[in-house]
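Text of coords30.txt (compact mmCIF, C-alpha atoms) as supplied:
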# COMPACT_ATOMS: atom_id res chain seq x y z
CA MET A 1 42.54 -95.14 -51.68
CA SER A 2 46.19 -95.98 -51.85
CA LEU A 3 48.92 -94.88 -49.55
CA ASP A 4 50.95 -91.91 -50.63
CA LEU A 5 52.94 -89.06 -49.14
CA THR A 6 49.93 -88.13 -47.02
CA PHE A 7 50.81 -91.21 -44.97
CA ILE A 8 54.18 -89.74 -44.03
CA GLY A 9 52.56 -86.39 -43.31
CA GLN A 10 49.96 -88.04 -41.10
CA ILE A 11 52.63 -89.89 -39.11
CA VAL A 12 54.34 -86.56 -38.50
CA VAL A 13 51.06 -84.87 -37.51
CA PHE A 14 50.07 -87.75 -35.26
CA LEU A 15 53.38 -88.10 -33.44
CA THR A 16 53.64 -84.32 -33.01
CA LEU A 17 50.14 -84.29 -31.59
CA VAL A 18 50.98 -87.13 -29.18
CA PHE A 19 54.00 -85.18 -27.99
CA LEU A 20 52.06 -81.92 -27.61
CA MET A 21 49.14 -83.59 -25.84
CA LYS A 22 51.48 -85.36 -23.45
CA LYS A 23 53.32 -82.17 -22.67
CA TYR A 24 50.49 -79.66 -22.54
CA LEU A 25 47.26 -81.48 -21.76
CA TYR A 26 47.60 -84.99 -20.45
CA GLY A 27 50.74 -84.43 -18.41
CA PRO A 28 49.54 -81.39 -16.43
CA MET A 29 46.07 -82.85 -15.98
CA ALA A 30 47.31 -86.23 -14.80
CA GLU A 31 49.72 -84.47 -12.45
CA LEU A 32 46.95 -82.27 -11.11
CA MET A 33 44.58 -85.18 -10.62
CA GLU A 34 47.31 -87.20 -8.93
CA ALA A 35 48.08 -84.28 -6.62
CA ARG A 36 44.40 -83.85 -5.87
CA SER A 37 43.81 -87.52 -5.12
CA ASN A 38 46.90 -87.50 -2.90
CA LYS A 39 45.54 -84.47 -1.11
CA ILE A 40 42.16 -86.12 -0.66
CA ALA A 41 43.81 -89.29 0.57
CA GLN A 42 45.86 -87.24 3.03
CA GLY A 43 42.76 -85.40 4.15
CA LEU A 44 40.90 -88.65 4.68
CA ALA A 45 43.84 -90.10 6.56
CA ALA A 46 44.00 -86.98 8.72
CA ALA A 47 40.27 -87.21 9.33
CA ASP A 48 40.65 -90.86 10.33
CA ALA A 49 43.51 -89.98 12.64
CA GLY A 50 41.43 -87.15 14.09
CA ASN A 51 38.49 -89.47 14.68
CA GLU A 52 40.77 -91.98 16.32
CA ALA A 53 42.30 -89.31 18.54
CA LYS A 54 38.82 -88.07 19.37
CA ALA A 55 37.65 -91.55 20.35
CA LYS A 56 40.78 -92.00 22.43
CA ALA A 57 40.29 -88.63 24.08
CA GLU A 58 36.67 -89.49 24.80
CA VAL A 59 37.68 -92.70 26.49
CA GLU A 60 40.31 -90.80 28.46
CA ILE A 61 37.79 -88.15 29.42
CA ALA A 62 35.33 -90.77 30.59
CA GLU A 63 38.07 -92.43 32.63
CA GLN A 64 39.15 -89.16 34.17
CA LEU A 65 35.55 -88.24 34.83
CA ASN A 66 34.94 -91.53 36.61
CA GLU A 67 38.12 -91.08 38.60
CA ALA A 68 37.15 -87.54 39.51
CA ARG A 69 33.68 -88.71 40.45
CA SER A 70 34.94 -91.45 42.73
CA LYS A 71 37.49 -89.08 44.23
CA ALA A 72 34.78 -86.54 44.83
CA ALA A 73 32.63 -89.19 46.45
CA GLU A 74 35.58 -90.15 48.65
CA ILE A 75 36.17 -86.55 49.59
CA ILE A 76 32.50 -86.02 50.37
CA ALA A 77 32.39 -89.18 52.48
CA ALA A 78 35.52 -88.11 54.35
CA ALA A 79 34.12 -84.64 54.84
CA GLU A 80 30.85 -86.04 56.10
CA LYS A 81 32.69 -88.29 58.48
CA ARG A 82 34.87 -85.46 59.65
CA SER A 83 31.88 -83.18 60.13
CA ALA A 84 30.07 -85.84 62.11
CA GLU A 85 33.17 -86.24 64.27
CA LEU A 86 33.46 -82.51 64.71
CA ASN A 87 29.81 -82.34 65.56
CA GLU A 88 30.13 -85.03 68.16
CA GLU A 89 33.30 -83.46 69.56
CA SER A 90 31.64 -80.10 69.84
CA VAL A 91 28.58 -81.61 71.46
CA ILE A 92 30.78 -83.41 73.99
CA LYS A 93 32.82 -80.30 74.58
CA ALA A 94 29.71 -78.19 74.98
CA ARG A 95 28.29 -80.72 77.37
CA THR A 96 31.51 -80.73 79.39
CA GLU A 97 31.67 -76.98 79.43
CA ALA A 98 28.04 -76.76 80.47
CA GLN A 99 28.74 -79.25 83.23
CA GLN A 100 31.73 -77.20 84.33
CA ILE A 101 29.65 -74.03 84.29
CA VAL A 102 26.93 -75.75 86.25
CA ASP A 103 29.49 -77.16 88.67
CA SER A 104 31.23 -73.87 89.21
CA ALA A 105 27.87 -72.16 89.59
CA ARG A 106 26.84 -74.73 92.12
CA ASP A 107 30.12 -74.28 93.98
CA GLU A 108 29.67 -70.57 93.95
CA VAL A 109 26.10 -70.91 95.21
CA ASN A 110 27.24 -73.21 97.95
CA ALA A 111 30.04 -70.87 98.93
CA GLU A 112 27.65 -67.94 98.87
CA LEU A 113 25.20 -69.95 100.95
CA ASN A 114 27.83 -70.82 103.48
CA ARG A 115 29.00 -67.32 103.56
CA ALA A 116 25.44 -66.11 104.06
CA ARG A 117 24.95 -68.75 106.65
CA GLN A 118 28.10 -67.61 108.50
CA THR A 119 27.08 -63.99 108.25
CA LEU A 120 23.60 -64.82 109.45
CA ARG A 121 24.98 -66.89 112.24
CA GLY A 122 27.22 -64.01 113.29
CA GLU A 123 24.38 -61.56 113.01
CA VAL A 124 22.06 -63.82 114.94
CA ALA A 125 24.74 -64.12 117.63
CA ASP A 126 25.06 -60.36 117.63
CA ILE A 127 21.31 -60.01 117.84
CA ALA A 128 21.32 -62.58 120.50
CA MET A 129 24.07 -60.75 122.30
CA ILE A 130 22.14 -57.53 121.96
CA ALA A 131 19.05 -59.28 123.13
CA ALA A 132 21.04 -60.83 125.91
CA GLU A 133 22.43 -57.49 126.82
CA GLN A 134 18.96 -56.11 126.88
CA VAL A 135 17.77 -59.09 128.89
CA VAL A 136 20.77 -58.73 131.18
CA GLU A 137 19.99 -55.16 131.57
CA ALA A 138 16.40 -56.01 132.25
CA GLU A 139 16.93 -59.20 134.32
CA LEU A 140 19.47 -59.72 137.01
CA ASP A 141 19.88 -63.38 136.66
CA ALA A 142 21.97 -63.25 133.56
CA LYS A 143 23.04 -66.81 133.76
CA ARG A 144 19.54 -68.04 133.63
CA HIS A 145 18.62 -65.74 130.82
CA ALA A 146 21.73 -66.56 128.91
CA LYS A 147 20.78 -70.15 129.09
CA LEU A 148 17.37 -69.19 127.90
CA VAL A 149 18.76 -67.18 124.99
CA GLU A 150 21.06 -69.92 123.96
CA GLY A 151 18.20 -72.30 124.08
CA ILE A 152 16.17 -70.00 121.91
CA VAL A 153 19.02 -69.54 119.46
CA SER A 154 19.75 -73.18 119.13
CA SER A 155 16.12 -74.16 118.78
CA GLY A 156 15.18 -71.19 116.60
CA PHE A 157 18.25 -70.83 114.27
CA GLY A 158 20.09 -74.04 114.74
CA ASN A 159 18.70 -75.54 111.55
CA ALA A 160 18.88 -72.36 109.64
CA MET B 1 19.30 -84.79 -60.76
CA ALA B 2 21.40 -84.78 -57.70
CA ASP B 3 24.60 -85.71 -59.40
CA GLN B 4 24.24 -82.73 -61.67
CA SER B 5 23.63 -80.35 -58.82
CA HIS B 6 26.49 -81.75 -56.72
CA GLY B 7 29.20 -81.86 -59.29
CA ASP B 8 30.25 -84.52 -61.74
CA GLY B 9 30.81 -88.22 -61.24
CA GLY B 10 28.03 -89.00 -58.75
CA ILE B 11 29.11 -90.71 -55.55
CA ALA B 12 32.49 -91.60 -56.96
CA GLY B 13 33.03 -87.92 -57.70
CA HIS B 14 32.56 -87.16 -54.03
CA LEU B 15 35.09 -89.77 -53.06
CA GLN B 16 37.95 -87.96 -54.79
CA TYR B 17 40.63 -86.20 -52.80
CA TRP B 18 41.97 -82.73 -53.17
CA THR B 19 45.31 -83.94 -54.38
CA LEU B 20 48.64 -82.32 -55.00
CA LYS B 21 50.56 -84.50 -57.43
CA ILE B 22 54.31 -84.15 -57.05
CA ASP B 23 55.28 -86.82 -59.55
CA GLU B 24 52.56 -87.81 -62.05
CA SER B 25 54.19 -91.12 -62.91
CA ASN B 26 54.54 -92.30 -59.30
CA PRO B 27 51.23 -92.77 -57.45
CA PHE B 28 53.03 -92.55 -54.10
CA MET B 29 54.34 -89.08 -54.81
CA GLN B 30 51.13 -87.21 -54.17
CA ILE B 31 49.62 -85.62 -51.12
CA HIS B 32 45.98 -85.30 -50.08
CA LEU B 33 45.71 -81.66 -49.15
CA ASP B 34 42.20 -82.03 -47.67
CA THR B 35 43.31 -84.79 -45.30
CA MET B 36 46.39 -82.86 -44.29
CA LEU B 37 44.47 -79.62 -43.86
CA VAL B 38 41.70 -81.08 -41.71
CA THR B 39 44.06 -83.12 -39.51
CA ILE B 40 46.33 -80.13 -39.01
CA VAL B 41 43.33 -77.93 -38.16
CA VAL B 42 41.98 -80.51 -35.70
CA ALA B 43 45.43 -81.06 -34.19
CA ALA B 44 45.99 -77.32 -33.90
CA GLY B 45 42.54 -76.98 -32.31
CA MET B 46 43.44 -79.65 -29.78
CA PHE B 47 46.75 -77.94 -29.08
CA ILE B 48 45.12 -74.53 -28.63
CA PHE B 49 42.49 -76.10 -26.39
CA ALA B 50 45.27 -77.75 -24.38
CA LEU B 51 47.07 -74.41 -23.95
CA TRP B 52 43.84 -72.66 -23.04
CA LEU B 53 42.89 -75.32 -20.52
CA LYS B 54 46.39 -75.54 -19.07
CA GLY B 55 46.24 -71.85 -18.18
CA ARG B 56 43.07 -72.27 -16.19
CA LEU B 57 43.54 -75.60 -14.46
CA VAL B 58 42.48 -75.39 -10.83
CA GLU B 59 43.56 -77.77 -8.13
CA GLY B 60 40.26 -77.62 -6.30
CA ALA B 61 36.92 -78.91 -7.52
CA PRO B 62 37.02 -78.81 -11.33
CA SER B 63 34.20 -77.40 -13.41
CA GLY B 64 33.26 -77.01 -17.06
CA ALA B 65 35.88 -78.00 -19.61
CA GLN B 66 38.35 -79.13 -16.97
CA ASN B 67 35.74 -81.38 -15.40
CA PHE B 68 34.92 -82.93 -18.77
CA MET B 69 38.56 -83.45 -19.71
CA GLU B 70 39.30 -84.89 -16.29
CA SER B 71 36.61 -87.49 -16.77
CA VAL B 72 38.12 -88.39 -20.18
CA VAL B 73 41.64 -88.48 -18.72
CA GLY B 74 40.44 -90.50 -15.73
CA PHE B 75 38.63 -92.96 -17.97
CA ILE B 76 41.66 -93.50 -20.21
CA ASP B 77 44.00 -93.66 -17.26
CA GLN B 78 41.85 -96.37 -15.72
CA THR B 79 41.72 -98.31 -19.00
CA VAL B 80 45.49 -98.18 -19.30
CA LYS B 81 45.99 -99.14 -15.65
CA ASP B 82 43.63 -102.10 -16.04
CA ASN B 83 45.52 -103.41 -19.06
CA PHE B 84 49.08 -102.59 -18.23
CA PRO B 85 51.34 -104.76 -16.11
CA VAL B 86 53.92 -101.98 -15.68
CA HIS B 87 53.90 -98.21 -15.63
CA ASN B 88 54.93 -96.50 -18.84
CA PRO B 89 54.37 -92.74 -18.87
CA LEU B 90 53.96 -92.67 -22.66
CA ILE B 91 51.05 -95.09 -23.00
CA ALA B 92 48.25 -93.12 -21.35
CA PRO B 93 48.94 -89.85 -23.28
CA LEU B 94 49.21 -91.88 -26.49
CA ALA B 95 45.88 -93.60 -25.83
CA PHE B 96 44.36 -90.25 -24.89
CA THR B 97 45.57 -88.61 -28.10
CA VAL B 98 44.41 -91.55 -30.22
CA PHE B 99 40.96 -91.47 -28.66
CA CYS B 100 40.40 -87.71 -28.77
CA PHE B 101 41.92 -87.25 -32.22
CA ILE B 102 39.90 -90.02 -33.85
CA ALA B 103 36.71 -89.10 -32.00
CA LEU B 104 36.98 -85.47 -33.07
CA ILE B 105 37.77 -86.31 -36.68
CA ASN B 106 34.98 -88.89 -36.87
CA THR B 107 32.58 -86.32 -35.50
CA ILE B 108 33.23 -84.09 -38.53
CA ASP B 109 31.30 -86.75 -40.45
CA ILE B 110 28.02 -85.63 -38.89
CA LEU B 111 28.24 -82.31 -40.73
CA PRO B 112 25.99 -82.30 -43.80
CA ALA B 113 27.60 -84.43 -46.46
CA PHE B 114 28.28 -81.70 -48.98
CA LEU B 115 28.82 -78.76 -46.63
CA LEU B 116 32.61 -78.66 -46.41
CA GLY B 117 32.86 -79.82 -50.02
CA ASN B 118 30.70 -76.94 -51.20
CA ILE B 119 32.62 -74.47 -49.07
CA ALA B 120 35.78 -75.79 -50.67
CA HIS B 121 34.16 -75.35 -54.09
CA LEU B 122 33.75 -71.67 -53.26
CA PHE B 123 37.51 -71.43 -52.98
CA GLY B 124 37.95 -73.17 -56.28
CA VAL B 125 38.81 -76.60 -54.91
CA GLU B 126 37.23 -79.27 -57.08
CA HIS B 127 37.26 -82.22 -54.64
CA PHE B 128 37.25 -82.08 -50.89
CA ARG B 129 36.94 -85.05 -48.47
CA PRO B 130 36.11 -83.58 -45.07
CA VAL B 131 36.79 -86.63 -42.88
CA PRO B 132 40.44 -87.71 -42.78
CA THR B 133 39.64 -91.09 -41.20
CA ASN B 134 38.02 -91.94 -44.56
CA ASP B 135 41.45 -91.60 -46.06
CA LEU B 136 43.44 -94.78 -45.45
CA ASN B 137 46.54 -92.66 -44.94
CA LEU B 138 45.48 -91.43 -41.51
CA PRO B 139 44.41 -94.76 -39.95
CA ALA B 140 47.44 -96.42 -41.50
CA ALA B 141 49.76 -93.70 -40.20
CA MET B 142 48.42 -94.11 -36.69
CA ALA B 143 48.38 -97.90 -36.85
CA VAL B 144 51.93 -98.02 -38.19
CA SER B 145 53.11 -95.58 -35.51
CA VAL B 146 51.55 -97.80 -32.86
CA PHE B 147 53.03 -100.90 -34.49
CA ALA B 148 56.46 -99.28 -34.57
CA LEU B 149 56.10 -98.55 -30.85
CA VAL B 150 55.07 -102.15 -30.22
CA LEU B 151 58.13 -103.42 -32.08
CA TYR B 152 60.33 -100.93 -30.24
CA TYR B 153 59.14 -102.15 -26.85
CA GLU B 154 59.30 -105.83 -27.89
CA PHE B 155 62.95 -105.40 -28.86
CA LYS B 156 63.76 -103.16 -25.93
CA LEU B 157 62.13 -105.15 -23.14
CA LYS B 158 62.60 -108.77 -24.27
CA PRO B 159 64.70 -108.93 -27.47
CA VAL B 160 65.81 -112.55 -27.09
CA HIS B 161 62.37 -113.80 -26.23
CA PHE B 162 60.77 -111.93 -29.12
CA CYS B 163 63.26 -113.18 -31.72
CA LYS B 164 62.95 -116.71 -30.35
CA GLU B 165 59.20 -116.48 -30.57
CA LEU B 166 59.43 -115.37 -34.20
CA VAL B 167 61.08 -118.59 -35.30
CA MET B 168 60.07 -121.09 -32.60
CA GLU B 169 56.33 -120.55 -32.35
CA PRO B 170 53.91 -122.19 -32.90
CA PHE B 171 55.18 -125.49 -34.40
CA THR B 172 58.69 -126.11 -33.11
CA SER B 173 57.69 -127.82 -29.90
CA LEU B 174 55.30 -130.13 -31.75
CA VAL B 175 57.80 -131.74 -34.14
CA PRO B 176 60.80 -134.03 -33.53
CA GLY B 177 64.23 -132.44 -33.28
CA PHE B 178 65.43 -133.09 -36.83
CA LEU B 179 62.37 -131.35 -38.28
CA LYS B 180 62.84 -128.20 -36.23
CA PRO B 181 65.04 -126.33 -38.77
CA ILE B 182 62.47 -127.12 -41.44
CA VAL B 183 59.49 -125.67 -39.57
CA MET B 184 61.36 -122.56 -38.49
CA PRO B 185 60.75 -120.63 -41.74
CA ILE B 186 57.09 -121.65 -41.59
CA ASN B 187 56.93 -120.33 -38.05
CA LEU B 188 58.55 -117.11 -39.14
CA ILE B 189 56.07 -116.60 -41.97
CA LEU B 190 53.09 -117.31 -39.71
CA LYS B 191 54.44 -115.04 -37.01
CA LEU B 192 55.09 -112.24 -39.49
CA VAL B 193 51.55 -112.57 -40.80
CA GLU B 194 50.29 -112.42 -37.23
CA GLU B 195 52.30 -109.32 -36.46
CA VAL B 196 51.54 -107.52 -39.71
CA ALA B 197 47.85 -108.28 -39.25
CA LYS B 198 47.82 -106.03 -36.20
CA PRO B 199 48.41 -102.67 -37.91
CA LEU B 200 46.47 -103.83 -40.97
CA SER B 201 43.35 -104.73 -39.02
CA LEU B 202 43.73 -101.69 -36.80
CA SER B 203 43.85 -99.26 -39.71
CA PHE B 204 41.35 -100.99 -42.00
CA ARG B 205 38.76 -101.35 -39.25
CA LEU B 206 38.65 -97.61 -38.69
CA PHE B 207 38.99 -96.74 -42.34
CA GLY B 208 36.32 -99.24 -43.43
CA ASN B 209 33.78 -98.14 -40.87
CA MET B 210 34.17 -94.46 -41.55
CA PHE B 211 34.39 -94.87 -45.30
CA ALA B 212 31.22 -96.99 -45.36
CA GLY B 213 29.52 -94.43 -43.19
CA GLU B 214 30.35 -91.66 -45.59
CA VAL B 215 29.24 -93.70 -48.59
CA ILE B 216 25.90 -94.32 -46.89
CA PHE B 217 25.55 -90.58 -46.25
CA LEU B 218 26.19 -89.96 -49.91
CA LEU B 219 23.74 -92.72 -50.90
CA ILE B 220 21.03 -91.19 -48.71
CA ALA B 221 21.75 -87.82 -50.24
CA PHE B 222 21.73 -89.04 -53.83
CA LEU B 223 18.82 -91.46 -53.59
CA LEU B 224 16.43 -89.52 -51.40
CA LEU B 225 17.28 -85.85 -51.31
CA GLY B 226 17.18 -85.49 -55.08
CA GLY B 227 13.49 -86.46 -55.43
CA GLY B 228 10.18 -84.86 -54.49
CA ALA B 229 8.93 -83.51 -51.16
CA VAL B 230 8.12 -86.92 -49.63
CA SER B 231 11.46 -88.28 -50.69
CA MET B 232 13.17 -85.18 -49.28
CA ALA B 233 11.42 -85.60 -45.93
CA ALA B 234 12.26 -89.29 -45.84
CA GLY B 235 15.83 -88.44 -46.74
CA PHE B 236 16.02 -85.90 -43.98
CA PHE B 237 14.86 -88.32 -41.30
CA VAL B 238 16.88 -91.26 -42.59
CA GLY B 239 19.88 -88.97 -42.77
CA LEU B 240 19.25 -87.79 -39.21
CA ALA B 241 18.98 -91.36 -37.95
CA TRP B 242 22.15 -92.36 -39.76
CA THR B 243 23.90 -89.29 -38.36
CA ALA B 244 23.08 -90.34 -34.82
CA PHE B 245 24.16 -93.89 -35.51
CA HIS B 246 27.31 -92.75 -37.26
CA LEU B 247 28.19 -90.47 -34.38
CA PHE B 248 27.99 -93.50 -32.14
CA ILE B 249 30.09 -95.56 -34.55
CA GLY B 250 32.67 -92.78 -34.68
CA LEU B 251 33.03 -92.79 -30.89
CA LEU B 252 33.03 -96.56 -30.83
CA GLN B 253 35.77 -96.78 -33.45
CA ALA B 254 37.82 -94.20 -31.54
CA PHE B 255 37.43 -96.30 -28.41
CA ILE B 256 38.31 -99.54 -30.25
CA PHE B 257 41.40 -98.00 -31.80
CA MET B 258 42.43 -96.68 -28.40
CA ILE B 259 41.84 -99.92 -26.53
CA LEU B 260 43.62 -102.02 -29.18
CA THR B 261 46.57 -99.64 -29.06
CA VAL B 262 46.73 -100.16 -25.31
CA VAL B 263 46.30 -103.93 -25.65
CA TYR B 264 49.00 -104.34 -28.32
CA LEU B 265 51.43 -102.23 -26.28
CA SER B 266 50.46 -104.12 -23.16
CA ILE B 267 51.27 -107.45 -24.88
CA ALA B 268 54.69 -106.01 -25.73
CA HIS B 269 55.15 -105.11 -22.06
CA GLN B 270 54.08 -108.50 -20.69
CA PRO B 271 56.89 -110.08 -18.73
CA VAL B 272 58.38 -113.24 -20.25
CA GLU B 273 56.81 -116.44 -18.96
CA HIS B 274 59.00 -119.47 -18.45
Just dump the structure as C-alpha cells.
Amino acid sequence: MSLDLTFIGQIVVFLTLVFLMKKYLYGPMAELMEARSNKIAQGLAAADAGNEAKAKAEVEIAEQLNEARSKAAEIIAAAEKRSAELNEESVIKARTEAQQIVDSARDEVNAELNRARQTLRGEVADIAMIAAEQVVEAELDAKRHAKLVEGIVSSGFGNA
Amino acid sequence: MADQSHGDGGIAGHLQYWTLKIDESNPFMQIHLDTMLVTIVVAAGMFIFALWLKGRLVEGAPSGAQNFMESVVGFIDQTVKDNFPVHNPLIAPLAFTVFCFIALINTIDILPAFLLGNIAHLFGVEHFRPVPTNDLNLPAAMAVSVFALVLYYEFKLKPVHFCKELVMEPFTSLVPGFLKPIVMPINLILKLVEEVAKPLSLSFRLFGNMFAGEVIFLLIAFLLLGGGAVSMAAGFFVGLAWTAFHLFIGLLQAFIFMILTVVYLSIAHQPVEH
C-alpha cells in the first residue's frame, strides 16, 4: 500500500494516455462537433434569413398585387368610359348619317316629284294641244275652244 | 473453507500485488506488475478505440459508438466550460482522459472477485490485483500529475500573486505590522498544508473508495460463498447488489476525480482579484 516505482510508471502511462487521447480522440471529436455546430448555426441563420426574405417578398408581392389591382381597376374604368364615349359618338354619328340619308332621300324625292310634275305638266299641255288641235279641227271657233281647254286644264290639272 | 480454496492468507492474501522487487532493501524500488499491466492494457484499449473511431468519424448525424462518445465529450466539454474562466485546450482532454480512464478501470471491479486472479494463477502468478485504482500508486500518480499542472499554471499565470499568497494568507492582514514577519512562516505552513491536501485528498478518496469496495467483495465471497446452499444464494444476491452499487460508486468516483481536476485547475486559472 506504499508508493513505489509503480507510481512513476503510472505517471508515465497517465500522461501518455492524456496526450494520445487529446491527439487521437478528443481533439478530432471536439473539432468535428464544433464544425457540426457551426454548420447547424449557419444553416439556422440561413433559414432565418430565408424566412425573412420570404416575408419581405410576400409583403412586396402583396403591395405589387394591390398596385396591379388598382391599376387594372383604373384601366377598366377608363376603358368603360372610353367605350361609353365611343358608343355615344357612334350613336350620334349614326343618327346624323341617318338624318343625312333621310334628307338626301327627301331631296331626291322632291326633285323626282318636281321633275314628274314638270313632265306631267308638259305632257298635259301636249295632250291639251293635241286635244286643242282636235277641237280646232272639229270646231271653227278656236279661240273659244282654246279658252275652254285652258279652263279645263287649269281647273283639272292646276292642283296636280 | 474458502481461504483454502482461494489460496493462502485469506483476504489479506488477496490484497497482495504481483510485485517485481528491484532492490529488496528499498521498499520504493519495486514495481507492481499487475497494476502496470492492467493500466497499460486499458490505456492501449482506449488508444486502439480512439484510432478505430477516428477512422470512422462522420460529420453528419452520428450513430453508435460515435454518438456515445460525442455525448461523453459534450458532457465533459460543458463541465469544463461551466467551470473555466478562460479557454485552455489542454483541460477538456485531460478531464476526458481522467474520467474515461478511471471509469473503465473501476468497472473492472465488477468482474467476479477471483476471476482475473485465478486466470493469473494459471500462468503461475501467485498474486494478482485486477483493479489498479485499488493500488495507491495510480490515484497518486494522477493526483500528483494534476497537482503539478496546477502548480505550473499558478506559477505561469500569476507567479507574484501565488508566492504572495503563500506567505501573506490568511493571517497577515489581521495582525499589526511588526508581527507580520512572525506570522509569515505560519502562513506558509498552513498554505502548504492546504495545497498538499489537494492531491492527497484527490488520490485517497478514489483509492479508499475502490479499495473498500474490493474488500467488501472479498468479504462477501469469504463469508457467504464458502458455506452451504442458502449461504451461497445469499452471497450471490448480496454480491450482485454490491456489484451494482460498486459500479455506481466507480462512475461517481471517476466523475468526482474529473470534476475536482477541473476545479483545481480552474482555481489556478482564476484571474487575480484586487
Can you list every residue of chain B that has an atom at most 6 Å from chain A, with its nearest atom pair and the distance in Å to one decimal, using all atoms listed in the file, ordered by chain then number, as a Markdown table?
| residue | atom | partner | partner_atom | distance |
| --- | --- | --- | --- | --- |
| B:Phe28 | CA | A:Asp4 | CA | 4.1 |
| B:Met29 | CA | A:Leu5 | CA | 5.8 |
| B:Gln30 | CA | A:Leu5 | CA | 5.7 |
| B:Ile31 | CA | A:Thr6 | CA | 4.8 |
| B:His32 | CA | A:Thr6 | CA | 5.7 |
| B:Ala50 | CA | A:Leu25 | CA | 5.0 |
| B:Pro93 | CA | A:Lys22 | CA | 5.2 |
| B:Leu94 | CA | A:Val18 | CA | 5.7 |
| B:Thr97 | CA | A:Val18 | CA | 5.7 |
| B:Asn137 | CA | A:Phe7 | CA | 4.5 |
| B:Leu138 | CA | A:Gln10 | CA | 5.6 |
| B:Ala141 | CA | A:Ile11 | CA | 4.9 |
Subject >> Leu260 of chain B environment, 12 Å, all atoms listed in the file, sequence neighbours closer than 4 positions dropped, as a list in words >> reply: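 The residues that qualify are Thr79, Val80, Asn83, Ile91, Leu94, Ala95, Val98, Phe99, Met142, Ala143, Val146, Phe147, Val150, Lys198, Pro199, Ser201, Leu202, Ser203, Arg205, Leu206, Gln253, Ala254, Phe255, Ile256, Tyr264, Leu265, Ser266 and Ile267 of chain B.
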Next, write the just-selected residues to a file, as a tab-separated table (two decimals), keeping the file's coordinate frame, keeping C-alpha atoms as the atom set.
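Saved file part32.tsv follows:
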chain	number	residue	atom	x	y	z
B	79	THR	CA	41.72	-98.31	-19.00
B	80	VAL	CA	45.49	-98.18	-19.30
B	83	ASN	CA	45.52	-103.41	-19.06
B	91	ILE	CA	51.05	-95.09	-23.00
B	94	LEU	CA	49.21	-91.88	-26.49
B	95	ALA	CA	45.88	-93.60	-25.83
B	98	VAL	CA	44.41	-91.55	-30.22
B	99	PHE	CA	40.96	-91.47	-28.66
B	142	MET	CA	48.42	-94.11	-36.69
B	143	ALA	CA	48.38	-97.90	-36.85
B	146	VAL	CA	51.55	-97.80	-32.86
B	147	PHE	CA	53.03	-100.90	-34.49
B	150	VAL	CA	55.07	-102.15	-30.22
B	198	LYS	CA	47.82	-106.03	-36.20
B	199	PRO	CA	48.41	-102.67	-37.91
B	201	SER	CA	43.35	-104.73	-39.02
B	202	LEU	CA	43.73	-101.69	-36.80
B	203	SER	CA	43.85	-99.26	-39.71
B	205	ARG	CA	38.76	-101.35	-39.25
B	206	LEU	CA	38.65	-97.61	-38.69
B	253	GLN	CA	35.77	-96.78	-33.45
B	254	ALA	CA	37.82	-94.20	-31.54
B	255	PHE	CA	37.43	-96.30	-28.41
B	256	ILE	CA	38.31	-99.54	-30.25
B	264	TYR	CA	49.00	-104.34	-28.32
B	265	LEU	CA	51.43	-102.23	-26.28
B	266	SER	CA	50.46	-104.12	-23.16
B	267	ILE	CA	51.27	-107.45	-24.88
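Atom CA of Ala229 of chain B to atom CA of Thr107 of chain B spans 28.5 Å [interatomic distance, one decimal].
For the pair atom CA of Phe128 of chain B and atom CA of His14 of chain B, the interatomic distance is 7.6 Å.
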**OP:** One decimal, Å: what's the distance from atom CA of Tyr17 of chain B over to atom CA of Leu115 of chain B, could you say?
**Re:**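 Computing the Euclidean distance for atom CA of Tyr17 of chain B and atom CA of Leu115 of chain B yields 15.3 Å.
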Subject >> Surrounding residues of Asn106 of chain B excluding itself and chain neighbours under 4 positions, 7 Å, only C-alpha atoms, as a PyMOL selection string >> reply: chain B and resi 102+131+133+250
For the selection you just gave me, I'd like the residues written to a file as a PDB file, keeping the file's coordinate frame, keeping C-alpha atoms.
ATOM      1  CA  ILE B 102      39.900 -90.020 -33.850  1.00  0.00           C
ATOM      2  CA  VAL B 131      36.790 -86.630 -42.880  1.00  0.00           C
ATOM      3  CA  THR B 133      39.640 -91.090 -41.200  1.00  0.00           C
ATOM      4  CA  GLY B 250      32.670 -92.780 -34.680  1.00  0.00           C
TER       5      GLY B 250
END
Original post:
For Phe257 of chain B, which residue out of B:Ile48, B:Val72, B:Ile40, B:Ala103 is the nearest one, using only C-alpha atoms?
Top reply: B:Ala103
**OP:** Considering only C-alpha atoms, state which residue in the set A:Glu133, A:Glu63, A:Glu123, A:Glu97 is at the smallest distance from Ala146 of chain A.
**Re:**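 Checking each candidate against Ala146 of chain A, we get A:Glu133 as the closest.
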Please provide as a PDB file with C-alpha atoms, in the frame of the given file all residues within 12 Å of Met232 of chain B, with the sequence filter that same-chain residues fewer than 4 positions apart are discarded (counting all atoms listed in the file).
ATOM      1  CA  ALA B   2      21.400 -84.780 -57.700  1.00  0.00           C
ATOM      2  CA  ILE B 220      21.030 -91.190 -48.710  1.00  0.00           C
ATOM      3  CA  ALA B 221      21.750 -87.820 -50.240  1.00  0.00           C
ATOM      4  CA  PHE B 222      21.730 -89.040 -53.830  1.00  0.00           C
ATOM      5  CA  LEU B 223      18.820 -91.460 -53.590  1.00  0.00           C
ATOM      6  CA  LEU B 224      16.430 -89.520 -51.400  1.00  0.00           C
ATOM      7  CA  LEU B 225      17.280 -85.850 -51.310  1.00  0.00           C
ATOM      8  CA  GLY B 226      17.180 -85.490 -55.080  1.00  0.00           C
ATOM      9  CA  GLY B 227      13.490 -86.460 -55.430  1.00  0.00           C
ATOM     10  CA  GLY B 228      10.180 -84.860 -54.490  1.00  0.00           C
ATOM     11  CA  PHE B 236      16.020 -85.900 -43.980  1.00  0.00           C
ATOM     12  CA  PHE B 237      14.860 -88.320 -41.300  1.00  0.00           C
ATOM     13  CA  VAL B 238      16.880 -91.260 -42.590  1.00  0.00           C
ATOM     14  CA  GLY B 239      19.880 -88.970 -42.770  1.00  0.00           C
TER      15      GLY B 239
END
